[in-house]
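**Q** Below is the file run_35.pdb, with PDB, C-alpha atoms and all ligand atoms.
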MODEL        1
ATOM      1  CA  MET A 916    -188.624 136.944-102.103
ATOM      2  CA  SER A 917    -188.385 138.737 -98.741
ATOM      3  CA  GLU A 918    -185.789 141.072 -97.307
ATOM      4  CA  VAL A 919    -183.552 139.802 -94.489
ATOM      5  CA  GLY A 920    -181.131 141.916 -92.464
ATOM      6  CA  VAL A 921    -178.080 140.302 -90.858
ATOM      7  CA  THR A 922    -176.264 142.515 -88.348
ATOM      8  CA  SER A 923    -172.833 140.932 -88.927
ATOM      9  CA  PRO A 924    -171.074 138.590 -91.345
ATOM     10  CA  LEU A 925    -171.356 134.986 -90.089
ATOM     11  CA  PRO A 926    -168.981 132.017 -90.423
ATOM     12  CA  GLY A 927    -169.756 129.185 -92.850
ATOM     13  CA  ARG A 928    -171.922 129.133 -95.995
ATOM     14  CA  ALA A 929    -175.361 129.572 -94.415
ATOM     15  CA  LEU A 930    -175.869 133.145 -95.634
ATOM     16  CA  ASP A 931    -175.177 132.043 -99.237
ATOM     17  CA  ARG A 932    -178.013 129.535 -98.828
ATOM     18  CA  LEU A 933    -180.282 132.310 -97.536
ATOM     19  CA  ALA A 934    -179.330 134.590-100.431
ATOM     20  CA  GLU A 935    -180.498 131.929-102.938
ATOM     21  CA  ARG A 936    -184.068 132.514-101.751
ATOM     22  CA  HIS A 937    -184.194 136.026-100.309
ATOM     23  CA  SER A 938    -182.676 139.460-100.592
ATOM     24  CA  VAL A 939    -180.015 139.514 -97.862
ATOM     25  CA  ARG A 940    -178.388 142.654 -96.479
ATOM     26  CA  VAL A 941    -175.322 141.887 -94.331
ATOM     27  CA  ARG A 942    -173.963 144.717 -92.208
ATOM     28  CA  PRO A 943    -170.157 144.830 -92.232
ATOM     29  CA  LYS A 944    -168.454 144.180 -88.872
ATOM     30  CA  GLY A 945    -169.043 147.052 -86.472
ATOM     31  CA  PRO A 946    -170.189 147.956 -82.993
ATOM     32  CA  ALA A 947    -173.345 146.282 -81.695
ATOM     33  CA  LEU A 948    -176.672 147.859 -82.653
ATOM     34  CA  SER A 949    -179.517 148.890 -80.377
ATOM     35  CA  GLY A 950    -182.718 150.903 -80.292
ATOM     36  CA  ARG A 951    -183.232 153.276 -83.222
ATOM     37  CA  ASP A 952    -179.934 152.289 -84.901
ATOM     38  CA  LEU A 953    -181.036 148.674 -85.011
ATOM     39  CA  ALA A 954    -184.505 149.704 -86.214
ATOM     40  CA  ALA A 955    -182.904 151.810 -88.969
ATOM     41  CA  PHE A 956    -180.809 148.830 -90.044
ATOM     42  CA  VAL A 957    -183.831 146.486 -90.057
ATOM     43  CA  GLY A 958    -185.876 149.008 -92.053
ATOM     44  CA  GLU A 959    -188.314 147.133 -94.287
ATOM     45  CA  ALA A 960    -186.817 143.688 -93.606
ATOM     46  CA  GLU A 961    -189.171 140.869 -92.612
ATOM     47  CA  ALA A 962    -186.522 138.969 -90.677
ATOM     48  CA  VAL A 963    -183.329 139.945 -88.897
ATOM     49  CA  ILE A 964    -180.481 137.705 -87.756
ATOM     50  CA  CYS A 965    -178.754 139.472 -84.862
ATOM     51  CA  LEU A 966    -175.932 138.912 -82.402
ATOM     52  CA  LEU A 967    -176.180 138.655 -78.627
ATOM     53  CA  ALA A 968    -174.586 142.091 -78.264
ATOM     54  CA  ASP A 969    -177.378 143.723 -80.321
ATOM     55  CA  ARG A 970    -180.183 145.016 -78.072
ATOM     56  CA  VAL A 971    -183.627 144.323 -79.477
ATOM     57  CA  ALA A 972    -185.928 146.571 -77.426
ATOM     58  CA  ALA A 973    -189.673 147.139 -77.832
ATOM     59  CA  GLU A 974    -189.100 150.201 -80.030
ATOM     60  CA  VAL A 975    -187.583 147.995 -82.745
ATOM     61  CA  PHE A 976    -190.890 146.118 -83.065
ATOM     62  CA  ALA A 977    -192.823 149.395 -83.112
ATOM     63  CA  LEU A 978    -190.553 151.035 -85.697
ATOM     64  CA  CYS A 979    -190.313 147.984 -87.982
ATOM     65  CA  PRO A 980    -193.898 146.918 -88.749
ATOM     66  CA  ARG A 981    -192.818 144.440 -91.476
ATOM     67  CA  LEU A 982    -190.570 142.478 -89.107
ATOM     68  CA  VAL A 983    -191.930 138.977 -88.385
ATOM     69  CA  LEU A 984    -188.845 137.216 -86.986
ATOM     70  CA  VAL A 985    -185.798 137.957 -84.848
ATOM     71  CA  ALA A 986    -183.375 135.034 -85.235
ATOM     72  CA  ASN A 987    -180.778 135.400 -82.493
ATOM     73  CA  TYR A 988    -177.340 134.035 -83.358
ATOM     74  CA  ALA A 989    -176.954 132.688 -79.792
ATOM     75  CA  VAL A 990    -178.710 130.335 -77.425
ATOM     76  CA  GLY A 991    -179.171 133.069 -74.790
ATOM     77  CA  VAL A 992    -181.877 135.613 -75.594
ATOM     78  CA  ASN A 993    -181.414 138.134 -72.762
ATOM     79  CA  ASN A 994    -180.663 140.820 -75.388
ATOM     80  CA  ILE A 995    -184.249 140.733 -76.670
ATOM     81  CA  ASP A 996    -187.441 142.109 -75.104
ATOM     82  CA  LEU A 997    -189.290 138.812 -75.394
ATOM     83  CA  GLU A 998    -192.630 140.019 -74.067
ATOM     84  CA  ALA A 999    -192.647 142.941 -76.500
ATOM     85  CA  ALA A1000    -191.891 140.492 -79.333
ATOM     86  CA  ARG A1001    -194.759 138.252 -78.285
ATOM     87  CA  THR A1002    -197.324 141.024 -78.016
ATOM     88  CA  SER A1003    -196.075 142.706 -81.218
ATOM     89  CA  GLY A1004    -196.599 139.485 -83.185
ATOM     90  CA  VAL A1005    -192.914 138.681 -83.816
ATOM     91  CA  TRP A1006    -191.256 135.255 -83.584
ATOM     92  CA  VAL A1007    -187.956 134.955 -81.708
ATOM     93  CA  THR A1008    -185.620 132.013 -82.281
ATOM     94  CA  ASN A1009    -182.234 130.990 -80.845
ATOM     95  CA  THR A1010    -179.506 128.427 -81.610
ATOM     96  CA  PRO A1011    -179.672 125.673 -78.965
ATOM     97  CA  ASP A1012    -177.954 122.237 -79.089
ATOM     98  CA  VAL A1013    -175.414 123.026 -81.818
ATOM     99  CA  LEU A1014    -173.154 124.891 -79.354
ATOM    100  CA  THR A1015    -173.670 122.668 -76.308
ATOM    101  CA  ASP A1016    -170.518 120.549 -76.649
ATOM    102  CA  ALA A1017    -168.314 123.504 -77.574
ATOM    103  CA  THR A1018    -169.471 125.449 -74.508
ATOM    104  CA  ALA A1019    -169.153 122.460 -72.181
ATOM    105  CA  ASP A1020    -165.607 121.822 -73.455
ATOM    106  CA  LEU A1021    -164.660 125.442 -72.858
ATOM    107  CA  THR A1022    -166.063 125.255 -69.325
ATOM    108  CA  TRP A1023    -163.651 122.426 -68.632
ATOM    109  CA  ALA A1024    -160.810 124.258 -70.352
ATOM    110  CA  LEU A1025    -161.349 127.162 -67.932
ATOM    111  CA  THR A1026    -161.730 124.868 -64.932
ATOM    112  CA  LEU A1027    -158.472 123.075 -65.703
ATOM    113  CA  ALA A1028    -156.679 126.311 -66.576
ATOM    114  CA  VAL A1029    -157.526 127.716 -63.134
ATOM    115  CA  ALA A1030    -156.981 124.504 -61.158
ATOM    116  CA  ARG A1031    -153.633 123.740 -62.823
ATOM    117  CA  ARG A1032    -152.426 127.313 -63.298
ATOM    118  CA  VAL A1033    -152.033 126.855 -67.038
ATOM    119  CA  VAL A1034    -151.936 130.560 -67.927
ATOM    120  CA  GLU A1035    -149.437 131.384 -65.177
ATOM    121  CA  GLY A1036    -147.246 128.549 -66.436
ATOM    122  CA  ASP A1037    -147.419 129.776 -70.020
ATOM    123  CA  ARG A1038    -146.440 133.309 -68.927
ATOM    124  CA  LEU A1039    -143.557 132.032 -66.836
ATOM    125  CA  VAL A1040    -142.094 130.133 -69.784
ATOM    126  CA  ARG A1041    -142.527 133.020 -72.230
ATOM    127  CA  ASN A1042    -140.999 135.478 -69.761
ATOM    128  CA  GLY A1043    -137.875 133.347 -69.477
ATOM    129  CA  GLY A1044    -138.668 132.423 -65.857
ATOM    130  CA  PHE A1045    -138.532 128.628 -66.338
ATOM    131  CA  SER A1046    -135.210 127.425 -64.973
ATOM    132  CA  GLY A1047    -136.057 123.726 -64.717
ATOM    133  CA  TRP A1048    -138.355 121.311 -62.874
ATOM    134  CA  LYS A1049    -138.892 122.056 -59.170
ATOM    135  CA  PRO A1050    -140.925 120.134 -56.579
ATOM    136  CA  ASP A1051    -142.974 123.200 -55.674
ATOM    137  CA  LEU A1052    -143.268 125.041 -58.984
ATOM    138  CA  LEU A1053    -146.805 126.417 -59.608
ATOM    139  CA  LEU A1054    -148.658 123.821 -57.570
ATOM    140  CA  GLY A1055    -152.351 123.680 -58.397
ATOM    141  CA  VAL A1056    -155.230 121.639 -57.036
ATOM    142  CA  GLY A1057    -156.323 118.181 -58.174
ATOM    143  CA  LEU A1058    -159.926 117.697 -59.259
ATOM    144  CA  GLN A1059    -160.210 113.970 -58.484
ATOM    145  CA  GLY A1060    -162.572 113.275 -55.596
ATOM    146  CA  LYS A1061    -163.758 116.888 -55.460
ATOM    147  CA  THR A1062    -167.342 118.095 -55.857
ATOM    148  CA  LEU A1063    -168.511 120.018 -58.894
ATOM    149  CA  GLY A1064    -171.564 122.189 -58.164
ATOM    150  CA  ILE A1065    -173.609 123.156 -61.224
ATOM    151  CA  ILE A1066    -176.256 125.876 -61.197
ATOM    152  CA  GLY A1067    -178.626 125.379 -64.118
ATOM    153  CA  MET A1068    -179.104 121.839 -65.438
ATOM    154  CA  GLY A1069    -180.108 122.721 -68.995
ATOM    155  CA  ARG A1070    -178.383 121.381 -72.105
ATOM    156  CA  ILE A1071    -174.978 122.881 -71.324
ATOM    157  CA  GLY A1072    -175.111 122.072 -67.594
ATOM    158  CA  ARG A1073    -175.844 118.449 -68.524
ATOM    159  CA  ALA A1074    -172.960 118.276 -70.991
ATOM    160  CA  VAL A1075    -170.604 119.691 -68.335
ATOM    161  CA  ALA A1076    -171.901 117.108 -65.831
ATOM    162  CA  ARG A1077    -171.304 114.231 -68.281
ATOM    163  CA  ARG A1078    -167.665 115.267 -68.680
ATOM    164  CA  ALA A1079    -167.117 115.403 -64.888
ATOM    165  CA  ALA A1080    -166.893 111.609 -64.562
ATOM    166  CA  GLY A1081    -163.711 111.685 -66.641
ATOM    167  CA  PHE A1082    -162.094 113.870 -63.994
ATOM    168  CA  GLY A1083    -163.318 111.717 -61.087
ATOM    169  CA  MET A1084    -165.574 114.469 -59.734
ATOM    170  CA  TRP A1085    -168.893 114.075 -57.920
ATOM    171  CA  VAL A1086    -171.613 116.310 -59.390
ATOM    172  CA  CYS A1087    -174.251 118.190 -57.367
ATOM    173  CA  TYR A1088    -176.683 120.558 -59.023
ATOM    174  CA  HIS A1089    -179.394 123.099 -58.439
ATOM    175  CA  SER A1090    -181.803 124.085 -61.176
ATOM    176  CA  HIS A1091    -185.036 126.065 -61.229
ATOM    177  CA  ARG A1092    -186.395 124.867 -64.512
ATOM    178  CA  ASP A1093    -185.482 121.227 -64.509
ATOM    179  CA  ALA A1094    -184.460 118.962 -61.635
ATOM    180  CA  ARG A1095    -184.013 115.877 -63.856
ATOM    181  CA  PRO A1096    -180.581 114.307 -63.471
ATOM    182  CA  PRO A1097    -178.359 114.506 -66.569
ATOM    183  CA  ASP A1098    -178.496 111.477 -68.908
ATOM    184  CA  GLY A1099    -175.371 109.414 -68.759
ATOM    185  CA  ALA A1100    -174.011 111.054 -65.597
ATOM    186  CA  GLU A1101    -174.448 110.397 -61.918
ATOM    187  CA  ALA A1102    -175.459 113.595 -60.177
ATOM    188  CA  GLU A1103    -177.258 114.682 -57.040
ATOM    189  CA  TYR A1104    -180.024 117.301 -57.078
ATOM    190  CA  VAL A1105    -179.669 119.725 -54.163
ATOM    191  CA  PRO A1106    -182.924 121.646 -53.573
ATOM    192  CA  SER A1107    -181.244 124.398 -51.536
ATOM    193  CA  LEU A1108    -178.876 126.668 -53.447
ATOM    194  CA  ASP A1109    -177.070 127.619 -50.234
ATOM    195  CA  ALA A1110    -176.492 123.929 -49.429
ATOM    196  CA  LEU A1111    -175.150 123.333 -52.949
ATOM    197  CA  LEU A1112    -172.704 126.213 -52.597
ATOM    198  CA  ALA A1113    -171.418 124.963 -49.248
ATOM    199  CA  ARG A1114    -170.399 121.678 -50.951
ATOM    200  CA  SER A1115    -168.961 122.979 -54.252
ATOM    201  CA  ASP A1116    -165.173 122.748 -54.603
ATOM    202  CA  VAL A1117    -165.732 123.939 -58.165
ATOM    203  CA  LEU A1118    -168.843 125.956 -58.986
ATOM    204  CA  SER A1119    -169.933 126.218 -62.621
ATOM    205  CA  LEU A1120    -172.754 128.517 -63.735
ATOM    206  CA  HIS A1121    -175.118 127.468 -66.517
ATOM    207  CA  CYS A1122    -178.362 129.322 -65.837
ATOM    208  CA  PRO A1123    -179.910 131.826 -68.244
ATOM    209  CA  LEU A1124    -179.809 135.528 -67.353
ATOM    210  CA  THR A1125    -183.232 136.599 -66.078
ATOM    211  CA  PRO A1126    -184.316 139.184 -63.489
ATOM    212  CA  GLN A1127    -184.200 136.317 -60.948
ATOM    213  CA  THR A1128    -180.637 135.212 -61.774
ATOM    214  CA  ARG A1129    -179.078 138.713 -62.057
ATOM    215  CA  HIS A1130    -176.424 138.857 -59.289
ATOM    216  CA  LEU A1131    -177.433 135.370 -58.148
ATOM    217  CA  MET A1132    -173.818 135.000 -57.026
ATOM    218  CA  ASP A1133    -173.617 137.939 -54.645
ATOM    219  CA  GLU A1134    -171.123 138.360 -51.820
ATOM    220  CA  ARG A1135    -173.130 136.320 -49.299
ATOM    221  CA  ARG A1136    -173.422 133.356 -51.664
ATOM    222  CA  LEU A1137    -169.787 133.569 -52.801
ATOM    223  CA  ARG A1138    -168.734 133.338 -49.165
ATOM    224  CA  LEU A1139    -170.813 130.170 -48.696
ATOM    225  CA  LEU A1140    -168.407 128.323 -51.022
ATOM    226  CA  PRO A1141    -165.703 126.299 -49.240
ATOM    227  CA  ARG A1142    -162.429 128.169 -48.759
ATOM    228  CA  GLY A1143    -160.263 127.611 -51.848
ATOM    229  CA  ALA A1144    -163.231 126.946 -54.172
ATOM    230  CA  ILE A1145    -162.977 127.709 -57.884
ATOM    231  CA  VAL A1146    -165.757 129.660 -59.639
ATOM    232  CA  VAL A1147    -166.254 129.261 -63.397
ATOM    233  CA  ASN A1148    -168.741 131.295 -65.419
ATOM    234  CA  THR A1149    -169.514 130.540 -69.065
ATOM    235  CA  SER A1150    -173.179 131.634 -68.865
ATOM    236  CA  ARG A1151    -173.822 135.388 -68.634
ATOM    237  CA  GLY A1152    -171.671 137.900 -66.754
ATOM    238  CA  GLU A1153    -174.525 139.571 -64.890
ATOM    239  CA  VAL A1154    -175.266 136.335 -63.017
ATOM    240  CA  VAL A1155    -172.227 137.208 -60.862
ATOM    241  CA  ASP A1156    -171.835 140.465 -58.937
ATOM    242  CA  GLU A1157    -168.352 141.226 -60.302
ATOM    243  CA  GLU A1158    -167.600 143.839 -57.639
ATOM    244  CA  ALA A1159    -168.406 141.283 -54.923
ATOM    245  CA  LEU A1160    -166.375 138.633 -56.745
ATOM    246  CA  ALA A1161    -163.328 140.914 -56.776
ATOM    247  CA  ARG A1162    -163.756 141.576 -53.018
ATOM    248  CA  VAL A1163    -164.164 137.920 -52.087
ATOM    249  CA  LEU A1164    -161.145 136.961 -54.203
ATOM    250  CA  ALA A1165    -159.049 139.719 -52.604
ATOM    251  CA  SER A1166    -160.013 138.406 -49.147
ATOM    252  CA  GLY A1167    -158.345 135.070 -50.024
ATOM    253  CA  HIS A1168    -161.569 133.067 -49.711
ATOM    254  CA  LEU A1169    -161.548 131.681 -53.273
ATOM    255  CA  GLY A1170    -158.901 129.493 -54.883
ATOM    256  CA  GLY A1171    -159.391 130.976 -58.337
ATOM    257  CA  VAL A1172    -161.863 132.133 -60.931
ATOM    258  CA  GLY A1173    -162.379 131.399 -64.628
ATOM    259  CA  LEU A1174    -164.552 133.830 -66.576
ATOM    260  CA  ASP A1175    -165.696 133.756 -70.191
ATOM    261  CA  VAL A1176    -168.394 136.419 -69.677
ATOM    262  CA  TYR A1177    -168.542 139.757 -67.849
ATOM    263  CA  GLU A1178    -171.086 141.883 -66.067
ATOM    264  CA  ARG A1179    -170.391 144.908 -68.290
ATOM    265  CA  GLU A1180    -169.082 143.015 -71.308
ATOM    266  CA  PRO A1181    -166.713 143.718 -72.991
ATOM    267  CA  GLU A1182    -165.414 145.664 -69.950
ATOM    268  CA  VAL A1183    -163.762 143.613 -67.232
ATOM    269  CA  HIS A1184    -163.641 144.706 -63.592
ATOM    270  CA  PRO A1185    -160.166 146.273 -63.219
ATOM    271  CA  ALA A1186    -159.507 144.410 -59.953
ATOM    272  CA  LEU A1187    -159.699 141.103 -61.825
ATOM    273  CA  LEU A1188    -157.256 142.038 -64.562
ATOM    274  CA  GLY A1189    -154.092 141.929 -62.496
ATOM    275  CA  ARG A1190    -154.798 138.743 -60.555
ATOM    276  CA  PRO A1191    -152.823 135.602 -61.420
ATOM    277  CA  ASP A1192    -155.553 133.384 -59.925
ATOM    278  CA  VAL A1193    -158.109 134.599 -62.485
ATOM    279  CA  VAL A1194    -158.288 133.275 -66.059
ATOM    280  CA  LEU A1195    -160.154 135.576 -68.426
ATOM    281  CA  LEU A1196    -161.470 134.637 -71.871
ATOM    282  CA  PRO A1197    -163.260 136.854 -74.444
ATOM    283  CA  HIS A1198    -166.657 135.062 -74.545
ATOM    284  CA  LEU A1199    -165.415 132.002 -76.439
ATOM    285  CA  GLY A1200    -167.960 129.419 -75.204
ATOM    286  CA  SER A1201    -169.294 128.495 -78.641
ATOM    287  CA  ALA A1202    -166.183 129.569 -80.535
ATOM    288  CA  THR A1203    -165.358 126.548 -82.653
ATOM    289  CA  GLY A1204    -165.601 126.719 -86.429
ATOM    290  CA  GLU A1205    -168.026 123.809 -86.325
ATOM    291  CA  ALA A1206    -170.357 125.307 -83.703
ATOM    292  CA  ARG A1207    -170.405 128.798 -85.186
ATOM    293  CA  ALA A1208    -171.177 127.457 -88.698
ATOM    294  CA  ALA A1209    -173.927 125.247 -87.257
ATOM    295  CA  MET A1210    -175.373 128.247 -85.373
ATOM    296  CA  ALA A1211    -175.518 130.174 -88.657
ATOM    297  CA  ASP A1212    -177.200 127.208 -90.365
ATOM    298  CA  LEU A1213    -179.813 126.986 -87.631
ATOM    299  CA  ALA A1214    -180.513 130.731 -87.666
ATOM    300  CA  VAL A1215    -180.914 130.589 -91.455
ATOM    301  CA  ASP A1216    -183.172 127.515 -91.261
ATOM    302  CA  ASN A1217    -185.386 129.410 -88.819
ATOM    303  CA  VAL A1218    -185.597 132.362 -91.216
ATOM    304  CA  LEU A1219    -186.362 130.114 -94.204
ATOM    305  CA  ALA A1220    -189.115 128.328 -92.263
ATOM    306  CA  VAL A1221    -190.870 131.468 -91.019
ATOM    307  CA  LEU A1222    -190.641 133.235 -94.374
ATOM    308  CA  ALA A1223    -192.190 130.129 -95.971
ATOM    309  CA  GLY A1224    -195.117 130.412 -93.561
ATOM    310  CA  LYS A1225    -193.966 127.476 -91.401
ATOM    311  CA  PRO A1226    -193.165 127.433 -87.670
ATOM    312  CA  PRO A1227    -189.457 127.899 -86.884
ATOM    313  CA  LEU A1228    -187.289 124.980 -85.750
ATOM    314  CA  THR A1229    -186.171 126.480 -82.442
ATOM    315  CA  PRO A1230    -188.714 129.048 -81.263
ATOM    316  CA  VAL A1231    -188.223 130.937 -78.016
ATOM    317  CA  VAL A1232    -191.203 133.232 -78.452
ATOM    318  CA  LYS A1233    -194.362 132.358 -80.331
ATOM    319  CA  PRO A1234    -196.221 135.533 -81.278
ATOM    320  CA  LEU A1235    -199.590 136.158 -79.684
ATOM    321  CA  VAL A1236    -201.019 136.969 -83.121
ATOM    322  CA  PRO A1237    -198.377 136.563 -85.855
ATOM    323  CA  ARG A1238    -197.920 139.576 -88.134
ATOM    324  CA  SER A1239    -198.956 138.811 -91.690
TER     325      SER A1239
HETATM  326  C1  LIG A1301    -174.811 132.055 -76.555
HETATM  327  O1  LIG A1301    -175.053 131.437 -77.591
HETATM  328  O2  LIG A1301    -175.697 132.473 -75.815
HETATM  329  C2  LIG A1301    -173.366 132.239 -76.215
HETATM  330  O3  LIG A1301    -173.183 133.069 -75.151
HETATM  331  C3  LIG A1301    -172.567 132.654 -77.411
HETATM  332  O4  LIG A1301    -172.457 131.582 -78.231
ENDMDL
END
Show this structure as C-alpha cells.
**A**
Amino acid sequence: MSEVGVTSPLPGRALDRLAERHSVRVRPKGPALSGRDLAAFVGEAEAVICLLADRVAAEVFALCPRLVLVANYAVGVNNIDLEAARTSGVWVTNTPDVLTDATADLTWALTLAVARRVVEGDRLVRNGGFSGWKPDLLLGVGLQGKTLGIIGMGRIGRAVARRAAGFGMWVCYHSHRDARPPDGAEAEYVPSLDALLARSDVLSLHCPLTPQTRHLMDERRLRLLPRGAIVVNTSRGEVVDEEALARVLASGHLGGVGLDVYEREPEVHPALLGRPDVVLLPHLGSATGEARAAMADLAVDNVLAVLAGKPPLTPVVKPLVPRS
C-alpha cells in the first residue's frame, strides 16, 4: 500500500476505487497549492493528483524524494515543470480524450453566445427590458458561409472542426504539431498564421500554452483578423495578450469575444468586464459531470498503474531514470 495525496476532492467515485488499494489523503477544498506548500502537502506520498491551478515547480521534486508520479487532473500541463520532472525521475500524466467533446461543445456554446448575443438577451429579459418582438432587436451575425479559423489542430481543435459543418462554416487551421486534417471534417491547412488570421471570421484557439504560444495573439495579430471577427478562447488565457485584446476591442475592430480562460486567472482584465460584446465563463471547458468523473477515473488509473510498477495510460513525461 502506498500513500497518495489528492489536492482537492474530485467528482465521481474514482477516489473510492483508489482508496481500496492505497492510503489516500484528500485535501479539503481550498486555494491552489504551489512551491513549499505543495511539497508540504505531498510529504511522503508516492503519487499526487493535482489540479491545473496547483504549481508543481522543481522544488517539489527536490523536497519530495518519494514522489514518483504527478497525475494532473487536466489535459493541459503548463502548471508543471516538465523538464524538472523528467530529470528528477518523476512521471507526469494528464487526462486527454475524456474531456474533448465537453470542451468542443463549450467552444461552440461561447461562439454562438457571442454571435447571437445570448447573454445580452438574457439580461434584457431579466431586467424587464423586453417589450415585444422588434425587427432590429439585438441583431447578431449568422455563422453560415463564414470561415472558422482554428489555431491548434489537436484533439479538441479537431472536435471543434467536426462540429463546424453543422453550422455551415468553412474551416481553416494552423497547427505547429500536426498539420493532418481532422477526421470526418473538411478543412484547409494554412501554413502561414498571418494568412489564417486574415481569413478568420471566427477565430478559435486550441493550442497548448508553451513559451512559444504565450501572447501568440498580440495586438498585431489581433488586428490582422477581418473587421467584425469573433475571437473565442477555451485553451489557456496566456495565449492571448489580454491588455491588447481589450485595446483592439475598444477600437471597434472586433465583433465580439468569448473567453473561458484568462491571462491572470481567476482575475479578468477590468476593461473586459463591462463590455456587452464579451461573454465570460469561469473555465468551464470540461465542466460536465460525465467529463469530470472520467478525468478522475483516468487520473486514478494512471496512479494505480504506476504504483503497480506499470507504465501509465496517458504519460506526458517519462522519467529519465524512474525513481524506485
Ligand atoms: C484542461 O484539462 O486542461 C482544462 O483546461 C480543464 O479541464
**Q** Atom CA of Thr1018 of chain A and atom CA of Ala972 of chain A, how far apart in Å?
**A**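 Between atom CA of Ala972 of chain A and atom CA of Thr1018 of chain A the gap works out to 26.9 Å.
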**Q** Taking the file as shown, find all residues satisfying the PyMOL selection byres (((chain A and resi 929) around 10) and not hetatm) and write them as an MDAnalysis selection string.
**A** chainID A and resid 925:928 930:934 1208:1216
**Q** Tell me which of A:His1121, A:Arg936, A:Arg1179, A:Lys1225 sits closest to ligand LIG 1301 (chain A), counting only C-alpha atoms and all ligand atoms.
**A** A:His1121
**Q** Can you write out as CSV which residues of chain A fall within 10 Å of ligand LIG 1301 (chain A), alongside each residue's closest atom pair and its distance in Å to one decimal, counting all atoms listed in the file and ordering rows by chain and ascending residue number?
**A**
residue,atom,partner,partner_atom,distance
A:Leu966,CA,A:LIG1301,C3,8.7
A:Leu967,CA,A:LIG1301,O2,6.8
A:Ala968,CA,A:LIG1301,O3,9.6
A:Asn987,CA,A:LIG1301,O1,8.5
A:Tyr988,CA,A:LIG1301,O1,6.7
A:Ala989,CA,A:LIG1301,O1,3.2
A:Val990,CA,A:LIG1301,O1,3.8
A:Gly991,CA,A:LIG1301,O2,3.7
A:Val992,CA,A:LIG1301,O2,6.9
A:Asn993,CA,A:LIG1301,O2,8.6
A:Asn994,CA,A:LIG1301,O2,9.7
A:Asn1009,CA,A:LIG1301,O1,7.9
A:Thr1010,CA,A:LIG1301,O1,6.7
A:Pro1011,CA,A:LIG1301,O1,7.5
A:Asp1012,CA,A:LIG1301,O1,9.8
A:Val1013,CA,A:LIG1301,O1,9.4
A:Leu1014,CA,A:LIG1301,O4,6.8
A:Thr1015,CA,A:LIG1301,O1,9.0
A:Ala1017,CA,A:LIG1301,O4,9.1
A:Thr1018,CA,A:LIG1301,O4,7.8
A:Pro1123,CA,A:LIG1301,O2,8.7
A:Leu1124,CA,A:LIG1301,O2,9.9
A:Thr1149,CA,A:LIG1301,O3,7.5
A:Ser1150,CA,A:LIG1301,O3,6.4
A:Arg1151,CA,A:LIG1301,O3,6.9
A:Gly1152,CA,A:LIG1301,O3,9.8
A:Asp1175,CA,A:LIG1301,O3,9.0
A:Val1176,CA,A:LIG1301,O3,8.0
A:His1198,CA,A:LIG1301,O3,6.9
A:Leu1199,CA,A:LIG1301,C3,7.2
A:Gly1200,CA,A:LIG1301,O4,5.8
A:Ser1201,CA,A:LIG1301,O4,4.4
A:Ala1202,CA,A:LIG1301,O4,7.0
A:Thr1203,CA,A:LIG1301,O4,9.8
A:Ala1206,CA,A:LIG1301,O4,8.6
A:Arg1207,CA,A:LIG1301,O4,7.8
A:Met1210,CA,A:LIG1301,O4,8.4
**Q** Which residues would end up in the selection if the PyMOL selection byres (((chain A and resi 1120) around 8) and not hetatm) were applied here, given that I need the answer as number ranges by chain?
**A** A: 1065-1067, 1072, 1118-1119, 1121-1122, 1147-1150
**Q** I'd like the contact shell of Cys965 of chain A - 8 Å cut-off, all atoms listed in the file, skipping same-chain residues fewer than 2 positions apart - returned as a PyMOL selection string.
**A** chain A and resi 921-923+963+967+969+985-988
**Q** Evaluate the PyMOL selection byres (((chain A and resi 951) around 12) and not hetatm) here and jot the selected residues down as an MDAnalysis selection string.
**A** chainID A and resid 948:950 952:958 969:979
**Q** Just to be explicit: take each residue in the selection above, keep C-alpha atoms, and write the result as a JSON list (two decimals), in the coordinates of the input.
**A**
[["chain", "number", "residue", "atom", "x", "y", "z"],
["A", 948, "LEU", "CA", -176.67, 147.86, -82.65],
["A", 949, "SER", "CA", -179.52, 148.89, -80.38],
["A", 950, "GLY", "CA", -182.72, 150.90, -80.29],
["A", 952, "ASP", "CA", -179.93, 152.29, -84.90],
["A", 953, "LEU", "CA", -181.04, 148.67, -85.01],
["A", 954, "ALA", "CA", -184.50, 149.70, -86.21],
["A", 955, "ALA", "CA", -182.90, 151.81, -88.97],
["A", 956, "PHE", "CA", -180.81, 148.83, -90.04],
["A", 957, "VAL", "CA", -183.83, 146.49, -90.06],
["A", 958, "GLY", "CA", -185.88, 149.01, -92.05],
["A", 969, "ASP", "CA", -177.38, 143.72, -80.32],
["A", 970, "ARG", "CA", -180.18, 145.02, -78.07],
["A", 971, "VAL", "CA", -183.63, 144.32, -79.48],
["A", 972, "ALA", "CA", -185.93, 146.57, -77.43],
["A", 973, "ALA", "CA", -189.67, 147.14, -77.83],
["A", 974, "GLU", "CA", -189.10, 150.20, -80.03],
["A", 975, "VAL", "CA", -187.58, 148.00, -82.74],
["A", 976, "PHE", "CA", -190.89, 146.12, -83.06],
["A", 977, "ALA", "CA", -192.82, 149.40, -83.11],
["A", 978, "LEU", "CA", -190.55, 151.04, -85.70],
["A", 979, "CYS", "CA", -190.31, 147.98, -87.98]]
**Q** Interatomic distance between atom CA of Leu1228 of chain A and atom CA of Tyr1088 of chain A?
**A**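 A separation of 29.1 Å between them.
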**Q** Measure the distance from atom CA of Val1086 of chain A to atom CA of Met1068 of chain A in Å and round it to one decimal.
**A**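 According to the coordinates, atom CA of Val1086 of chain A and atom CA of Met1068 of chain A are separated by 11.1 Å.
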**Q** Hey, which of A:Lys1233, A:Arg1041, A:Arg1031, A:Arg1095 ends up closest to Ile1145 of chain A? Count all atoms listed in the file.
**A**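 Smallest distance to Ile1145 of chain A is found for A:Arg1031.
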**Q** Which residue out of A:Cys1087, A:Leu1039, A:Ala1223, A:Leu1235 has the minimum interatomic distance to Val1007 of chain A when all atoms listed in the file are used?
**A**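 That would be A:Leu1235, the residue with the smallest distance to Val1007 of chain A.
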**Q** Using only C-alpha atoms, what residues lie at most 12 Å away from (-172.2, 125.5, -52.9) (file coordinates), given as a PyMOL selection string?
**A** chain A and resi 1062-1066+1086-1089+1105-1120+1132+1135-1142+1144-1146
**Q** For Pro1227 of chain A, which residue among A:Tyr1104, A:Trp1085, A:Tyr1177, A:Trp1006 is the nearest when counting all atoms listed in the file?
**A**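 Checking each of A:Tyr1104, A:Trp1085, A:Tyr1177, A:Trp1006 against Pro1227 of chain A, counting all atoms listed in the file, the winner is A:Trp1006.
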